[in-house]
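J.: Enclosed is the structure file entry.txt (compact mmCIF, C-alpha atoms).
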# COMPACT_ATOMS: atom_id res chain seq x y z
CA MET A 1 -20.19 25.79 81.78
CA LEU A 2 -23.37 23.78 81.36
CA ALA A 3 -24.52 26.15 78.63
CA ARG A 4 -21.37 25.36 76.66
CA THR A 5 -21.32 21.57 77.09
CA ASP A 6 -21.40 21.08 73.30
CA GLU A 7 -17.87 22.55 73.09
CA PHE A 8 -16.54 19.42 74.80
CA ALA A 9 -17.92 17.10 72.05
CA ASP A 10 -14.48 16.21 70.64
CA ALA A 11 -13.27 15.14 74.09
CA TRP A 12 -16.03 12.71 75.14
CA GLY A 13 -14.58 9.37 76.17
CA ASP A 14 -11.03 10.37 75.26
CA ILE A 15 -8.52 8.14 77.00
CA ALA A 16 -6.28 11.17 77.66
CA PRO A 17 -7.65 14.09 79.71
CA VAL A 18 -5.86 16.68 77.57
CA ALA A 19 -8.57 17.84 75.13
CA PHE A 20 -11.20 18.02 77.88
CA ALA A 21 -8.89 19.99 80.20
CA ALA A 22 -7.86 22.39 77.42
CA THR A 23 -11.50 23.06 76.55
CA ALA A 24 -12.41 23.55 80.22
CA TRP A 25 -9.53 26.03 80.59
CA ARG A 26 -10.54 27.97 77.46
CA ILE A 27 -14.15 28.27 78.58
CA ALA A 28 -13.17 29.20 82.16
CA THR A 29 -10.90 32.00 80.93
CA GLU A 30 -13.53 33.33 78.51
CA LEU A 31 -16.35 33.54 81.06
CA SER A 32 -17.47 36.92 82.30
CA PRO A 33 -17.00 37.38 85.14
CA GLY A 34 -13.92 35.24 84.84
CA TYR A 35 -13.70 31.90 86.58
CA VAL A 36 -9.89 32.18 86.68
CA ARG A 37 -8.15 35.21 88.17
CA TRP A 38 -4.72 36.14 86.86
CA HIS A 39 -1.84 37.91 88.49
CA ARG A 40 -1.45 41.49 87.28
CA ARG A 41 1.63 40.46 85.25
CA ILE A 42 -0.22 37.78 83.28
CA VAL A 43 -1.42 39.00 79.88
CA SER A 44 -2.74 35.68 78.61
CA ALA A 45 -2.69 31.97 79.42
CA THR A 46 -3.80 29.27 77.02
CA CYS A 47 -3.66 25.49 77.26
CA ALA A 48 -3.73 23.15 74.27
CA PRO A 49 -2.71 19.66 73.23
CA SER A 50 0.79 19.45 71.80
CA PRO A 51 0.70 18.66 68.08
CA TRP A 52 3.90 16.64 68.59
CA ASP A 53 2.75 14.09 71.17
CA GLY A 54 -0.66 15.14 72.50
CA SER A 55 0.62 16.22 75.91
CA LEU A 56 -0.77 19.39 77.50
CA ILE A 57 1.16 22.61 76.88
CA CYS A 58 0.28 25.94 78.45
CA ALA A 59 1.48 29.18 76.90
CA VAL A 60 1.57 32.14 79.27
CA THR A 61 2.54 35.71 78.40
CA VAL A 62 4.03 37.62 81.34
CA ILE A 63 4.78 41.34 81.68
CA SER A 64 8.42 41.95 82.54
CA ARG A 65 10.79 44.79 83.22
CA TRP A 66 13.36 45.66 80.61
CA PRO A 67 16.11 43.07 80.26
CA ALA A 68 19.31 43.77 82.19
CA GLU A 69 21.17 44.39 78.93
CA LEU A 70 19.02 47.48 78.40
CA THR A 71 19.24 48.79 81.95
CA TRP A 72 23.03 48.69 82.40
CA SER A 73 23.43 51.65 80.09
CA ARG A 74 21.03 54.32 78.96
CA GLN A 75 23.12 55.17 75.91
CA TRP A 76 20.66 53.41 73.57
CA GLN A 77 17.84 55.69 74.76
CA ARG A 78 19.50 58.78 73.24
CA ASP A 79 17.43 61.08 75.48
CA ARG A 80 14.21 60.17 73.69
CA GLY A 81 12.19 59.55 76.85
CA TRP A 82 11.63 55.83 76.47
CA ARG A 83 8.79 54.53 78.66
CA ASP A 84 8.12 51.13 80.17
CA TRP A 85 4.68 49.60 80.93
CA PRO A 86 2.30 52.27 82.25
CA GLN A 87 0.54 51.42 85.50
CA LEU A 88 -2.80 52.56 86.82
CA PHE A 89 -3.56 51.77 90.47
CA GLY A 90 -0.89 49.05 90.39
CA GLN A 91 -2.25 47.39 87.24
CA TYR A 92 -0.23 47.25 84.03
CA THR A 93 -1.99 48.97 81.16
CA THR A 94 -1.46 49.60 77.48
CA PRO A 95 -0.25 53.10 76.64
CA THR A 96 -3.00 55.38 75.42
CA GLU A 97 -3.00 56.60 71.84
CA GLN A 98 -2.00 60.02 73.20
CA ASP A 99 0.92 58.50 75.17
CA LEU A 100 2.18 56.81 72.01
CA THR A 101 2.32 60.13 70.18
CA ARG A 102 4.46 61.71 72.91
CA SER A 103 7.21 59.18 73.61
CA PRO A 104 8.47 55.78 72.50
CA HIS A 105 7.46 52.77 74.58
CA LEU A 106 9.37 49.54 75.08
CA ARG A 107 7.17 46.99 76.86
CA ALA A 108 8.86 43.69 77.60
CA LEU A 109 6.95 40.41 77.59
CA LEU A 110 8.11 36.93 78.50
CA GLN A 111 6.60 34.00 76.66
CA VAL A 112 6.48 30.96 78.93
CA ASP A 113 5.62 27.60 77.36
CA VAL A 114 5.31 24.78 79.87
CA PRO A 115 4.24 21.15 79.77
CA VAL A 116 1.64 20.38 82.41
CA PRO A 117 1.71 17.00 84.19
CA LEU A 118 -1.43 14.98 83.46
CA GLY A 119 -1.45 12.83 86.60
CA ASP A 120 -4.02 14.81 88.59
CA LEU A 121 -6.31 15.79 85.71
CA PRO A 122 -9.71 14.09 85.85
CA PRO A 123 -10.63 11.72 83.03
CA ALA A 124 -12.90 13.09 80.33
CA PRO A 125 -16.55 12.14 80.76
CA ASP A 126 -18.00 9.65 78.26
CA GLY A 127 -20.66 12.11 77.16
CA PRO A 128 -22.71 15.16 78.06
CA ASP A 129 -24.05 14.24 81.47
CA ASP A 130 -24.38 15.84 84.89
CA SER A 131 -20.69 15.32 85.70
CA VAL A 132 -19.40 17.65 82.97
CA ALA A 133 -19.46 20.88 85.00
CA ALA A 134 -17.86 19.30 88.09
CA THR A 135 -15.21 17.55 86.00
CA ALA A 136 -14.44 20.76 84.10
CA ARG A 137 -14.11 22.68 87.39
CA ARG A 138 -11.74 20.00 88.71
CA ALA A 139 -9.62 20.22 85.54
CA VAL A 140 -9.39 24.02 85.86
CA VAL A 141 -8.43 23.73 89.54
CA VAL A 142 -5.64 21.28 88.67
CA LEU A 143 -4.37 23.47 85.82
CA THR A 144 -4.45 26.55 88.03
CA ARG A 145 -2.51 24.76 90.76
CA GLU A 146 0.11 23.50 88.29
CA LEU A 147 0.53 26.90 86.65
CA ASN A 148 0.80 28.61 90.04
CA ASP A 149 3.48 26.11 91.04
CA LEU A 150 5.42 26.57 87.79
CA LEU A 151 5.07 30.34 87.43
CA GLY A 152 4.94 31.44 91.08
CA PRO A 153 8.73 31.64 91.44
CA VAL A 154 9.06 33.52 88.13
CA ILE A 155 6.40 36.06 89.11
CA GLY A 156 7.91 36.36 92.59
CA GLN A 157 11.33 37.17 91.15
CA LEU A 158 9.85 39.75 88.78
CA GLU A 159 7.91 41.34 91.64
CA ALA A 160 11.07 41.47 93.81
CA GLY A 161 12.65 43.62 91.14
CA VAL A 162 16.22 42.58 91.94
CA PRO A 163 18.49 40.09 90.20
CA ALA A 164 18.43 36.65 91.81
CA ASP A 165 22.16 36.75 92.55
CA SER A 166 22.03 40.11 94.38
Let me see whether you can do it: turn the structure in this file into structure tokens.
T.:
Amino acid sequence: MLARTDEFADAWGDIAPVAFAATAWRIATELSPGYVRWHRRIVSATCAPSPWDGSLICAVTVISRWPAELTWSRQWQRDRGWRDWPQLFGQYTTPTEQDLTRSPHLRALLQVDVPVPLGDLPPAPDGPDDSVAATARRAVVVLTRELNDLLGPVIGQLEAGVPADS
């Protein structure tokens, strides 16, 4: 992250930790190899300040099974061989171009938008100094913990593959 310290310029000395944390998250998720590992059902996860009040909002796209309304009856499929998300060694993948020419695909995604509590986020540094990398790592750790806490039950229910009331 030290090589990208200039990307934090708009956050220096900010009284709220939001802009600094959002930048730290963006950089951490863009690094290769990645600094943040995602569950196999997570397609993307972004964090940004809310334009409404400046709070921190994370938007996460999650792979899901078909909604129950589509699984209760197969009448809508009309024997056309509809396919769900392909998997390769347990990882969800995008259908190949060849797959798309052979059968229709219906791949369900859930869009989760969550406010993240700011209480544990570290304050933004006053400028580009030696504390930037450590503070950015701390912000990413806090965001990861909060997202795991918020999304863990959702992912767990999707992995269980059974309705919650069963």
J.: Neighbours of region 118-126 of chain A within 8 Å (all atoms listed in the file; same-chain residues fewer than 5 positions away dropped), as a ChimeraX atom specification?
T.: /A:11-18,20-21,55-56,131-132,135,138-139,142-143
J.: Those selected residues, please, written with C-alpha atoms and delivered as a PDB file, keeping the file's coordinate frame.
T.:
ATOM      1  CA  ALA A  11     -13.270  15.140  74.090  1.00  0.00           C
ATOM      2  CA  TRP A  12     -16.030  12.710  75.140  1.00  0.00           C
ATOM      3  CA  GLY A  13     -14.580   9.370  76.170  1.00  0.00           C
ATOM      4  CA  ASP A  14     -11.030  10.370  75.260  1.00  0.00           C
ATOM      5  CA  ILE A  15      -8.520   8.140  77.000  1.00  0.00           C
ATOM      6  CA  ALA A  16      -6.280  11.170  77.660  1.00  0.00           C
ATOM      7  CA  PRO A  17      -7.650  14.090  79.710  1.00  0.00           C
ATOM      8  CA  VAL A  18      -5.860  16.680  77.570  1.00  0.00           C
ATOM      9  CA  PHE A  20     -11.200  18.020  77.880  1.00  0.00           C
ATOM     10  CA  ALA A  21      -8.890  19.990  80.200  1.00  0.00           C
ATOM     11  CA  SER A  55       0.620  16.220  75.910  1.00  0.00           C
ATOM     12  CA  LEU A  56      -0.770  19.390  77.500  1.00  0.00           C
ATOM     13  CA  SER A 131     -20.690  15.320  85.700  1.00  0.00           C
ATOM     14  CA  VAL A 132     -19.400  17.650  82.970  1.00  0.00           C
ATOM     15  CA  THR A 135     -15.210  17.550  86.000  1.00  0.00           C
ATOM     16  CA  ARG A 138     -11.740  20.000  88.710  1.00  0.00           C
ATOM     17  CA  ALA A 139      -9.620  20.220  85.540  1.00  0.00           C
ATOM     18  CA  VAL A 142      -5.640  21.280  88.670  1.00  0.00           C
ATOM     19  CA  LEU A 143      -4.370  23.470  85.820  1.00  0.00           C
TER      20      LEU A 143
END
J.: Find the smallest box with edges along x, y and z containing every listed atom of region 137-151 of chain A, then add 3 Å on each side and report centre and edge lengths in Å to one decimal, as lines of an AutoDock Vina configuration file.
T.:
center_x = -4.3
center_y = 25.2
center_z = 88.3
size_x = 25.5
size_y = 16.3
size_z = 11.5
J.: List the neighbours of region 79-91 of chain A out to 10 Å using all atoms listed in the file; skip same-chain residues closer than 5 positions along the sequence, and give me the result as a VMD selection string.
T.: chain A and resid 39 to 41 63 to 66 74 96 99 to 100 102 to 108
J.: Go through A:Ile42, A:Cys47, A:Leu158, A:Ala9 and flag the residue nearest Ala22 (chain A), using only C-alpha atoms for the distances.
T.: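 Among the listed residues, A:Cys47 lies closest to Ala22 (chain A).
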J.: Quick one: residues within 10 Å of Pro115 (chain A), only C-alpha atoms, excluding same-chain residues fewer than 5 positions away - as a PyMOL selection string?
T.: chain A and resi 47-50+55-59+146-147+150
J.: Just the number, please: distance in Å from CA of Val62 (chain A) to CA of Thr94 (chain A), one decimal.
T.: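 Going from CA of Val62 (chain A) over to CA of Thr94 (chain A), I get 13.7 Å.
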J.: Taking only C-alpha atoms into account, name the residue in A:Ala133, A:Ala45, A:Asp10, A:Ala68 that is nearest to Asn148 (chain A).
T.: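 Using only C-alpha atoms, Asn148 (chain A) sits closest to A:Ala45.
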J.: Mind giving me the straight-line distance from CA of Thr93 (chain A) to CA of Val162 (chain A) in Å, one decimal?
T.: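 Between these atoms lies a distance of 22.1 Å.
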J.: For the atom pair CA of Gln111 (chain A) and CA of Thr61 (chain A), what is the interatomic distance in Å to one decimal place?
T.: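 Computed distance, CA of Gln111 (chain A) to CA of Thr61 (chain A), equals 4.7 Å.
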